[in-house]
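Below is one structure; the comments refer to it alone.
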Amino acid sequence: MKAQETQTSAGVFKLKRGSLEVKLTNYGATIMSIITPDLRGVKANVVAGFDNPDEYLTDRAYLGSVIGRFSNRISGGKFHLDGQEIQLSLNEKINQLHGGFEGFNRKVWDIIQHDDHSICFHYLSEDGEEGFPGNLDVRVMYTLTPGNSLKVEYSATTDKPTIISLTNHSYFNLSGFENPTIHEHLLRINADSYTEKNKNNTTTGEILPVKNTALDFSNEKPLGEHINELVTDMGYDHNYVLKNDPSPAARLYDPLSGRSLHVYTDQPGLQVYTANWWDGSETGTQGKAYKKHGAVALETQALPDSPNHPLFPSVVLRPGEIYNTYTIFEFSTG
(Lines give C-alpha, C1' and ligand atoms only; values in the text may rest on other atoms or scores of the structure.)
Protein backbone atom coordinates (compact mmCIF):
# COMPACT_ATOMS: atom_id res chain seq x y z
CA MET A 1 0.00 0.00 0.00
CA LYS A 2 1.71 3.18 -1.20
CA ALA A 3 1.17 6.54 0.45
CA GLN A 4 0.47 8.27 -2.87
CA GLU A 5 -2.59 6.12 -3.60
CA THR A 6 -5.95 7.88 -3.33
CA GLN A 7 -8.05 4.92 -2.19
CA THR A 8 -7.55 2.02 0.19
CA SER A 9 -9.38 -1.28 0.52
CA ALA A 10 -9.50 -0.80 4.30
CA GLY A 11 -12.79 -0.78 6.20
CA VAL A 12 -14.20 0.92 9.30
CA PHE A 13 -15.04 -1.02 12.46
CA LYS A 14 -16.87 0.06 15.60
CA LEU A 15 -16.62 -0.99 19.24
CA LYS A 16 -19.04 0.05 21.98
CA ARG A 17 -19.30 -0.74 25.65
CA GLY A 18 -21.10 1.39 28.21
CA SER A 19 -20.41 5.05 27.50
CA LEU A 20 -17.24 4.40 25.49
CA GLU A 21 -17.32 4.19 21.67
CA VAL A 22 -14.31 3.54 19.46
CA LYS A 23 -14.01 3.56 15.68
CA LEU A 24 -11.05 1.93 13.93
CA THR A 25 -9.76 1.13 10.47
CA ASN A 26 -7.54 -1.75 9.41
CA TYR A 27 -5.39 0.73 7.46
CA GLY A 28 -2.55 1.05 9.95
CA ALA A 29 -4.67 -0.71 12.63
CA THR A 30 -5.66 2.86 13.36
CA ILE A 31 -7.86 4.37 16.07
CA MET A 32 -10.07 6.84 14.19
CA SER A 33 -12.09 8.12 17.15
CA ILE A 34 -12.67 7.60 20.86
CA ILE A 35 -15.98 9.03 22.03
CA THR A 36 -16.47 9.47 25.77
CA PRO A 37 -18.65 11.76 27.94
CA ASP A 38 -17.60 14.84 29.89
CA LEU A 39 -18.73 15.83 33.39
CA ARG A 40 -22.14 16.88 32.03
CA GLY A 41 -22.59 13.68 30.04
CA VAL A 42 -21.85 15.35 26.69
CA LYS A 43 -20.01 12.95 24.39
CA ALA A 44 -17.12 13.99 22.14
CA ASN A 45 -14.27 12.45 20.18
CA VAL A 46 -11.09 13.04 22.20
CA VAL A 47 -8.50 11.89 19.64
CA ALA A 48 -7.29 13.39 16.37
CA GLY A 49 -8.48 11.52 13.30
CA PHE A 50 -10.45 11.48 10.07
CA ASP A 51 -13.84 10.09 9.01
CA ASN A 52 -12.61 8.09 6.02
CA PRO A 53 -9.69 5.61 5.82
CA ASP A 54 -8.63 7.18 2.51
CA GLU A 55 -7.77 10.40 4.34
CA TYR A 56 -5.00 8.58 6.20
CA LEU A 57 -3.13 7.84 2.97
CA THR A 58 -1.55 11.30 2.99
CA ASP A 59 -1.30 11.70 6.78
CA ARG A 60 2.23 12.41 7.99
CA ALA A 61 1.46 12.67 11.71
CA TYR A 62 0.74 8.95 12.30
CA LEU A 63 -2.70 9.84 13.65
CA GLY A 64 -3.93 6.96 15.81
CA SER A 65 -1.92 4.33 13.97
CA VAL A 66 0.13 1.37 15.15
CA ILE A 67 3.85 2.08 14.82
CA GLY A 68 6.22 -0.71 13.82
CA ARG A 69 8.41 -2.56 13.38
CA PHE A 70 10.19 -0.20 15.75
CA SER A 71 8.77 2.94 17.33
CA ASN A 72 10.73 6.19 17.61
CA ARG A 73 14.16 6.68 16.03
CA ILE A 74 17.05 4.34 15.34
CA SER A 75 20.28 6.29 15.00
CA GLY A 76 21.82 6.01 11.55
CA GLY A 77 19.13 3.45 10.77
CA LYS A 78 21.54 0.72 11.81
CA PHE A 79 22.32 -1.63 14.68
CA HIS A 80 24.26 -4.81 15.40
CA LEU A 81 22.53 -8.12 16.06
CA ASP A 82 24.46 -11.33 16.76
CA GLY A 83 27.63 -9.79 15.34
CA GLN A 84 26.03 -8.60 12.11
CA GLU A 85 25.39 -4.97 11.19
CA ILE A 86 21.81 -4.42 10.06
CA GLN A 87 21.11 -1.41 7.82
CA LEU A 88 17.54 -0.16 7.80
CA SER A 89 15.80 2.30 5.50
CA LEU A 90 16.42 5.98 6.29
CA ASN A 91 13.13 7.85 6.10
CA GLU A 92 14.28 10.71 8.32
CA LYS A 93 17.56 11.93 6.84
CA ILE A 94 20.16 9.90 8.75
CA ASN A 95 17.72 8.05 11.01
CA GLN A 96 14.90 5.61 10.69
CA LEU A 97 11.69 6.90 12.30
CA HIS A 98 8.66 4.78 13.23
CA GLY A 99 9.54 1.78 11.09
CA GLY A 100 10.57 3.46 7.84
CA PHE A 101 8.94 4.78 4.68
CA GLU A 102 6.15 2.17 4.67
CA GLY A 103 5.86 1.23 8.33
CA PHE A 104 2.98 -0.60 9.94
CA ASN A 105 0.92 2.61 9.77
CA ARG A 106 0.93 2.23 5.95
CA LYS A 107 -0.27 -1.37 5.83
CA VAL A 108 -3.75 -2.83 5.38
CA TRP A 109 -4.11 -5.33 8.22
CA ASP A 110 -6.23 -8.49 8.20
CA ILE A 111 -9.13 -8.78 10.64
CA ILE A 112 -9.11 -12.12 12.43
CA GLN A 113 -11.78 -11.37 15.05
CA HIS A 114 -14.40 -8.66 15.62
CA ASP A 115 -17.36 -8.29 17.96
CA ASP A 116 -19.06 -5.42 19.83
CA HIS A 117 -16.29 -5.12 22.40
CA SER A 118 -13.08 -6.13 20.61
CA ILE A 119 -11.22 -6.44 17.34
CA CYS A 120 -7.98 -8.21 16.46
CA PHE A 121 -5.81 -7.07 13.54
CA HIS A 122 -3.09 -9.21 11.94
CA TYR A 123 -0.13 -8.34 9.73
CA LEU A 124 2.80 -10.39 8.41
CA SER A 125 5.88 -8.22 8.02
CA GLU A 126 8.13 -10.01 5.57
CA ASP A 127 11.85 -10.64 6.02
CA GLY A 128 13.77 -7.60 4.79
CA GLU A 129 10.86 -5.16 4.98
CA GLU A 130 12.40 -1.71 5.57
CA GLY A 131 15.63 -3.62 6.28
CA PHE A 132 14.40 -5.59 9.30
CA PRO A 133 15.36 -9.29 9.47
CA GLY A 134 12.84 -12.08 9.91
CA ASN A 135 9.24 -12.73 8.98
CA LEU A 136 7.40 -11.06 11.84
CA ASP A 137 3.85 -12.24 12.52
CA VAL A 138 2.00 -9.49 14.41
CA ARG A 139 -1.38 -9.20 16.14
CA VAL A 140 -2.93 -6.14 17.76
CA MET A 141 -6.05 -6.62 19.85
CA TYR A 142 -8.25 -3.69 20.91
CA THR A 143 -10.72 -4.44 23.70
CA LEU A 144 -13.24 -2.27 25.52
CA THR A 145 -13.35 -3.34 29.17
CA PRO A 146 -16.15 -2.82 31.73
CA GLY A 147 -14.02 -0.14 33.42
CA ASN A 148 -14.46 2.42 30.60
CA SER A 149 -11.05 1.48 29.25
CA LEU A 150 -9.55 0.66 25.88
CA LYS A 151 -6.96 -2.08 26.23
CA VAL A 152 -4.41 -2.51 23.44
CA GLU A 153 -2.53 -5.82 23.38
CA TYR A 154 0.38 -6.44 21.02
CA SER A 155 1.87 -9.86 20.23
CA ALA A 156 4.39 -11.10 17.67
CA THR A 157 6.59 -14.04 16.68
CA THR A 158 9.53 -14.25 14.28
CA ASP A 159 11.48 -16.85 12.32
CA LYS A 160 14.82 -14.99 12.63
CA PRO A 161 16.31 -12.84 15.39
CA THR A 162 14.97 -9.31 15.01
CA ILE A 163 14.04 -6.23 17.03
CA ILE A 164 10.58 -4.93 17.87
CA SER A 165 8.89 -2.06 19.69
CA LEU A 166 5.23 -1.41 18.92
CA THR A 167 3.07 1.50 20.06
CA ASN A 168 -0.09 3.40 19.20
CA HIS A 169 0.26 7.01 18.08
CA SER A 170 -3.08 8.50 19.13
CA TYR A 171 -3.17 12.22 19.91
CA PHE A 172 -5.43 13.27 22.78
CA ASN A 173 -7.31 16.50 23.36
CA LEU A 174 -9.74 15.71 26.17
CA SER A 175 -11.83 18.79 25.47
CA GLY A 176 -12.80 17.20 22.16
CA PHE A 177 -10.81 20.01 20.52
CA GLU A 178 -13.19 22.63 21.92
CA ASN A 179 -9.99 24.08 23.33
CA PRO A 180 -7.63 24.37 20.33
CA THR A 181 -4.52 23.58 22.43
CA ILE A 182 -3.64 21.29 25.31
CA HIS A 183 -1.80 24.03 27.23
CA GLU A 184 -4.35 23.89 30.05
CA HIS A 185 -4.42 20.08 30.26
CA LEU A 186 -2.80 18.84 33.47
CA LEU A 187 -0.26 16.03 33.11
CA ARG A 188 1.44 13.76 35.60
CA ILE A 189 4.04 11.17 34.54
CA ASN A 190 5.28 8.32 36.71
CA ALA A 191 8.93 9.06 35.95
CA ASP A 192 11.88 10.79 37.57
CA SER A 193 14.12 10.61 34.51
CA TYR A 194 14.26 10.81 30.73
CA THR A 195 16.54 9.72 27.89
CA GLU A 196 18.80 12.57 26.82
CA LYS A 197 18.75 13.51 23.11
CA ASN A 198 21.53 14.74 20.82
CA LYS A 199 21.42 17.19 17.90
CA ASN A 200 20.18 14.40 15.61
CA ASN A 201 17.14 13.85 17.87
CA THR A 202 18.34 10.39 18.94
CA THR A 203 19.24 9.34 22.43
CA THR A 204 22.78 9.72 23.74
CA GLY A 205 22.30 6.70 26.00
CA GLU A 206 22.34 8.91 29.09
CA ILE A 207 19.39 8.82 31.48
CA LEU A 208 19.01 12.17 33.22
CA PRO A 209 16.80 13.42 36.07
CA VAL A 210 13.79 15.59 35.23
CA LYS A 211 13.94 17.47 38.53
CA ASN A 212 14.27 21.25 38.14
CA THR A 213 13.73 21.07 34.38
CA ALA A 214 10.82 21.86 32.07
CA LEU A 215 10.42 18.08 31.64
CA ASP A 216 9.38 17.47 35.24
CA PHE A 217 5.82 16.10 35.42
CA SER A 218 6.40 13.99 38.52
CA ASN A 219 3.76 16.25 40.07
CA GLU A 220 0.71 17.32 38.07
CA LYS A 221 1.07 20.59 36.16
CA PRO A 222 -0.27 22.27 33.01
CA LEU A 223 1.35 21.18 29.77
CA GLY A 224 1.63 24.80 28.74
CA GLU A 225 3.50 25.96 31.84
CA HIS A 226 6.99 25.44 30.37
CA ILE A 227 6.23 24.34 26.81
CA ASN A 228 7.67 27.48 25.19
CA GLU A 229 11.01 26.91 26.91
CA LEU A 230 11.60 23.89 24.67
CA VAL A 231 12.70 25.93 21.68
CA THR A 232 14.57 23.26 19.71
CA ASP A 233 11.63 20.86 19.63
CA MET A 234 8.94 23.59 19.58
CA GLY A 235 7.37 21.80 22.55
CA TYR A 236 7.55 18.37 24.16
CA ASP A 237 9.02 15.49 22.16
CA HIS A 238 10.75 13.52 24.89
CA ASN A 239 10.92 9.96 26.17
CA TYR A 240 10.40 9.37 29.88
CA VAL A 241 11.85 6.38 31.72
CA LEU A 242 8.91 5.02 33.66
CA LYS A 243 9.11 3.71 37.21
CA ASN A 244 8.57 -0.02 37.49
CA ASP A 245 5.52 -0.01 39.74
CA PRO A 246 1.73 -0.47 39.37
CA SER A 247 0.96 3.26 39.20
CA PRO A 248 -0.40 4.74 35.97
CA ALA A 249 2.35 5.69 33.55
CA ALA A 250 0.54 8.99 33.05
CA ARG A 251 -2.58 10.91 34.00
CA LEU A 252 -3.97 13.58 31.70
CA TYR A 253 -6.80 15.85 32.88
CA ASP A 254 -8.76 18.56 31.09
CA PRO A 255 -10.30 21.15 33.45
CA LEU A 256 -12.65 22.40 30.72
CA SER A 257 -14.52 19.12 30.24
CA GLY A 258 -13.61 17.29 33.43
CA ARG A 259 -12.40 14.31 31.39
CA SER A 260 -9.35 12.44 32.60
CA LEU A 261 -7.20 9.73 31.06
CA HIS A 262 -5.03 7.24 32.91
CA VAL A 263 -2.45 5.32 30.89
CA TYR A 264 -1.17 1.94 32.10
CA THR A 265 1.56 -0.12 30.44
CA ASP A 266 4.25 -2.73 30.99
CA GLN A 267 6.68 -0.83 28.73
CA PRO A 268 9.73 1.05 30.11
CA GLY A 269 9.25 4.26 28.11
CA LEU A 270 6.66 6.93 27.40
CA GLN A 271 7.17 9.40 24.55
CA VAL A 272 5.30 12.66 25.12
CA TYR A 273 4.76 14.63 21.91
CA THR A 274 2.67 17.80 21.78
CA ALA A 275 1.96 18.06 18.04
CA ASN A 276 4.64 20.71 17.69
CA TRP A 277 4.49 20.92 13.89
CA TRP A 278 0.75 20.93 13.34
CA ASP A 279 -0.12 24.10 11.42
CA GLY A 280 -3.91 24.12 11.07
CA SER A 281 -3.83 22.80 7.50
CA GLU A 282 -5.75 19.62 8.42
CA THR A 283 -9.28 19.41 9.81
CA GLY A 284 -10.36 16.28 11.61
CA THR A 285 -13.62 14.62 12.55
CA GLN A 286 -14.40 17.31 15.11
CA GLY A 287 -14.62 19.95 12.35
CA LYS A 288 -11.73 21.80 13.97
CA ALA A 289 -8.40 22.66 12.39
CA TYR A 290 -5.54 20.78 14.05
CA LYS A 291 -3.21 23.54 15.25
CA LYS A 292 0.20 23.60 16.93
CA HIS A 293 -0.02 21.99 20.40
CA GLY A 294 -3.55 20.91 19.56
CA ALA A 295 -3.15 17.50 21.18
CA VAL A 296 -0.67 15.30 23.00
CA ALA A 297 0.52 11.81 22.06
CA LEU A 298 1.38 9.47 24.94
CA GLU A 299 3.34 6.69 23.22
CA THR A 300 4.19 3.70 25.40
CA GLN A 301 7.31 2.08 24.03
CA ALA A 302 10.75 0.55 24.45
CA LEU A 303 13.44 3.10 25.15
CA PRO A 304 14.40 4.92 21.93
CA ASP A 305 17.30 3.52 19.90
CA SER A 306 17.55 0.59 22.32
CA PRO A 307 19.40 -1.70 19.86
CA ASN A 308 22.36 0.69 20.00
CA HIS A 309 22.47 0.98 23.80
CA PRO A 310 23.28 -2.32 25.54
CA LEU A 311 22.34 -0.97 28.98
CA PHE A 312 18.75 -0.33 27.86
CA PRO A 313 16.22 -3.19 28.19
CA SER A 314 16.58 -5.65 25.32
CA VAL A 315 14.27 -5.34 22.31
CA VAL A 316 15.51 -8.50 20.58
CA LEU A 317 12.91 -11.11 19.65
CA ARG A 318 14.13 -14.60 18.73
CA PRO A 319 12.46 -17.62 17.13
CA GLY A 320 10.45 -19.55 19.69
CA GLU A 321 9.79 -16.43 21.78
CA ILE A 322 6.57 -14.39 21.90
CA TYR A 323 6.53 -10.61 22.08
CA ASN A 324 3.68 -9.59 24.40
CA THR A 325 2.94 -6.12 25.69
CA TYR A 326 -0.07 -4.00 26.57
CA THR A 327 -1.31 -0.46 27.08
CA ILE A 328 -4.58 0.58 28.72
CA PHE A 329 -6.29 3.93 28.15
CA GLU A 330 -8.76 4.43 31.01
CA PHE A 331 -11.26 7.30 30.75
CA SER A 332 -13.20 8.94 33.58
CA THR A 333 -14.46 12.31 34.76
CA GLY A 334 -13.38 14.38 37.72
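By order of appearance in the C-alpha coordinates: chains A, B, ..., then residues from 1 within every chain, and ligands from 1 in the order shown.
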Please, which residues in segment 146-190 of chain A fall within 12 Å of segment 4-27 of chain A when counting only C-alpha atoms, and what is the closest atom pair and distance in Å to one decimal for each, ordered by chain then residue number, as JSON lines?
{"residue": "A:Pro146", "atom": "CA", "partner": "A:Arg17", "partner_atom": "CA", "distance": 7.2}
{"residue": "A:Gly147", "atom": "CA", "partner": "A:Gly18", "partner_atom": "CA", "distance": 8.9}
{"residue": "A:Asn148", "atom": "CA", "partner": "A:Leu20", "partner_atom": "CA", "distance": 6.1}
{"residue": "A:Ser149", "atom": "CA", "partner": "A:Leu20", "partner_atom": "CA", "distance": 7.8}
{"residue": "A:Leu150", "atom": "CA", "partner": "A:Val22", "partner_atom": "CA", "distance": 8.5}
{"residue": "A:Lys151", "atom": "CA", "partner": "A:Val22", "partner_atom": "CA", "distance": 11.5}
{"residue": "A:Ser170", "atom": "CA", "partner": "A:Leu24", "partner_atom": "CA", "distance": 11.6}
With only C-alpha atoms counted and 12 Å as the cut-off, give the residues of segment 272-299 of chain A in contact with segment 224-244 of chain A, each with its shortest interatomic distance in Å and the pair that gives it, as a Markdown table.
| residue | atom | partner | partner_atom | distance |
| --- | --- | --- | --- | --- |
| A:Val272 | CA | A:His238 | CA | 5.5 |
| A:Tyr273 | CA | A:Asp237 | CA | 4.4 |
| A:Thr274 | CA | A:Tyr236 | CA | 5.4 |
| A:Ala275 | CA | A:Gly235 | CA | 8.0 |
| A:Asn276 | CA | A:Met234 | CA | 5.5 |
| A:Trp277 | CA | A:Met234 | CA | 7.7 |
| A:Trp278 | CA | A:Met234 | CA | 10.6 |
| A:Lys292 | CA | A:Met234 | CA | 9.1 |
| A:His293 | CA | A:Gly235 | CA | 7.7 |
| A:Gly294 | CA | A:Gly224 | CA | 11.2 |
| A:Ala295 | CA | A:Tyr236 | CA | 11.1 |
| A:Val296 | CA | A:Tyr236 | CA | 8.8 |
| A:Ala297 | CA | A:Asp237 | CA | 9.3 |
| A:Leu298 | CA | A:Asn239 | CA | 9.6 |
| A:Glu299 | CA | A:Asn239 | CA | 8.8 |
Write the residues you've just listed into a file as an mmCIF file, in the first residue's frame, and include N, CA and C atoms for each of them.
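What follows is the written file again25.cif:
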data_model
loop_
_atom_site.group_PDB
_atom_site.id
_atom_site.type_symbol
_atom_site.label_atom_id
_atom_site.label_comp_id
_atom_site.auth_asym_id
_atom_site.auth_seq_id
_atom_site.Cartn_x
_atom_site.Cartn_y
_atom_site.Cartn_z
ATOM 1 N N VAL A 272 6.299 11.595 25.042
ATOM 2 C CA VAL A 272 5.300 12.658 25.116
ATOM 3 C C VAL A 272 5.566 13.627 23.972
ATOM 4 N N TYR A 273 4.600 13.754 23.081
ATOM 5 C CA TYR A 273 4.756 14.632 21.906
ATOM 6 C C TYR A 273 3.534 15.524 21.776
ATOM 7 N N THR A 274 3.766 16.830 21.730
ATOM 8 C CA THR A 274 2.674 17.805 21.784
ATOM 9 C C THR A 274 2.336 18.417 20.427
ATOM 10 N N ALA A 275 2.388 17.616 19.380
ATOM 11 C CA ALA A 275 1.959 18.060 18.041
ATOM 12 C C ALA A 275 2.598 19.403 17.687
ATOM 13 N N ASN A 276 3.916 19.440 17.803
ATOM 14 C CA ASN A 276 4.644 20.707 17.687
ATOM 15 C C ASN A 276 4.661 21.287 16.280
ATOM 16 N N TRP A 277 4.394 20.450 15.276
ATOM 17 C CA TRP A 277 4.490 20.917 13.890
ATOM 18 C C TRP A 277 3.132 20.949 13.194
ATOM 19 N N TRP A 278 2.063 20.722 13.925
ATOM 20 C CA TRP A 278 0.746 20.933 13.339
ATOM 21 C C TRP A 278 0.599 22.418 13.004
ATOM 22 N N LYS A 292 -0.973 23.873 16.101
ATOM 23 C CA LYS A 292 0.195 23.603 16.933
ATOM 24 C C LYS A 292 -0.221 23.424 18.386
ATOM 25 N N HIS A 293 0.297 22.353 19.012
ATOM 26 C CA HIS A 293 -0.017 21.993 20.403
ATOM 27 C C HIS A 293 -1.505 21.693 20.578
ATOM 28 N N GLY A 294 -2.132 21.206 19.500
ATOM 29 C CA GLY A 294 -3.554 20.914 19.556
ATOM 30 C C GLY A 294 -3.901 19.628 20.274
ATOM 31 N N ALA A 295 -2.907 18.777 20.517
ATOM 32 C CA ALA A 295 -3.148 17.498 21.176
ATOM 33 C C ALA A 295 -1.816 16.972 21.682
ATOM 34 N N VAL A 296 -1.889 15.914 22.474
ATOM 35 C CA VAL A 296 -0.667 15.299 22.995
ATOM 36 C C VAL A 296 -0.721 13.792 22.765
ATOM 37 N N ALA A 297 0.362 13.253 22.221
ATOM 38 C CA ALA A 297 0.519 11.811 22.063
ATOM 39 C C ALA A 297 1.257 11.264 23.279
ATOM 40 N N LEU A 298 0.771 10.146 23.801
ATOM 41 C CA LEU A 298 1.382 9.467 24.941
ATOM 42 C C LEU A 298 1.732 8.057 24.472
ATOM 43 N N GLU A 299 2.928 7.906 23.924
ATOM 44 C CA GLU A 299 3.341 6.693 23.224
ATOM 45 C C GLU A 299 4.124 5.778 24.162
#
Ala289 of chain A surroundings by only C-alpha atoms, 12 Å radius, close-in-sequence under 5 positions cut, as a list in words: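 Contacts, with the query itself left out: Ala48, Gly49, Phe50, Phe177, Glu178, Asn179, Pro180, Thr181, Trp278, Asp279, Gly280, Ser281, Glu282, Thr283, Gly284, Gly294 and Ala295 of chain A.
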Need the shell around Gly99 of chain A: protein/DNA/RNA residues with any atom at most 10 Å away, counting only C-alpha atoms. Skip same-chain ones fewer than 4 positions apart. Format as an NGL selection string? :A and (67-74 or 77 or 88-91 or 103-105 or 129-132 or 164-166)
For the strand (DSSP E or B) assignment from backbone DSSP, which residues of segment 202-272 of chain A qualify? Please present them as a count of residues only. 30
Might you pull out every residue within 12 Å of Asp192 of chain A, with only C-alpha atoms counted and same-chain residues fewer than 6 positions away left off, and present them as number ranges by chain? A: 207-213, 215-219, 239-244, 249, 269
Between A:Thr30, A:Val46, A:Asp305, A:Glu321, single out the one closest to Asp59 of chain A, counting only C-alpha atoms.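 Of the candidates, the smallest distance to Asp59 of chain A is held by A:Thr30.
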For Leu311 of chain A, which residue out of A:Ser247, A:Thr204, A:Thr158, A:Asn190 is the nearest one, using only C-alpha atoms?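 Selected residue with least distance to Leu311 of chain A: A:Thr204.
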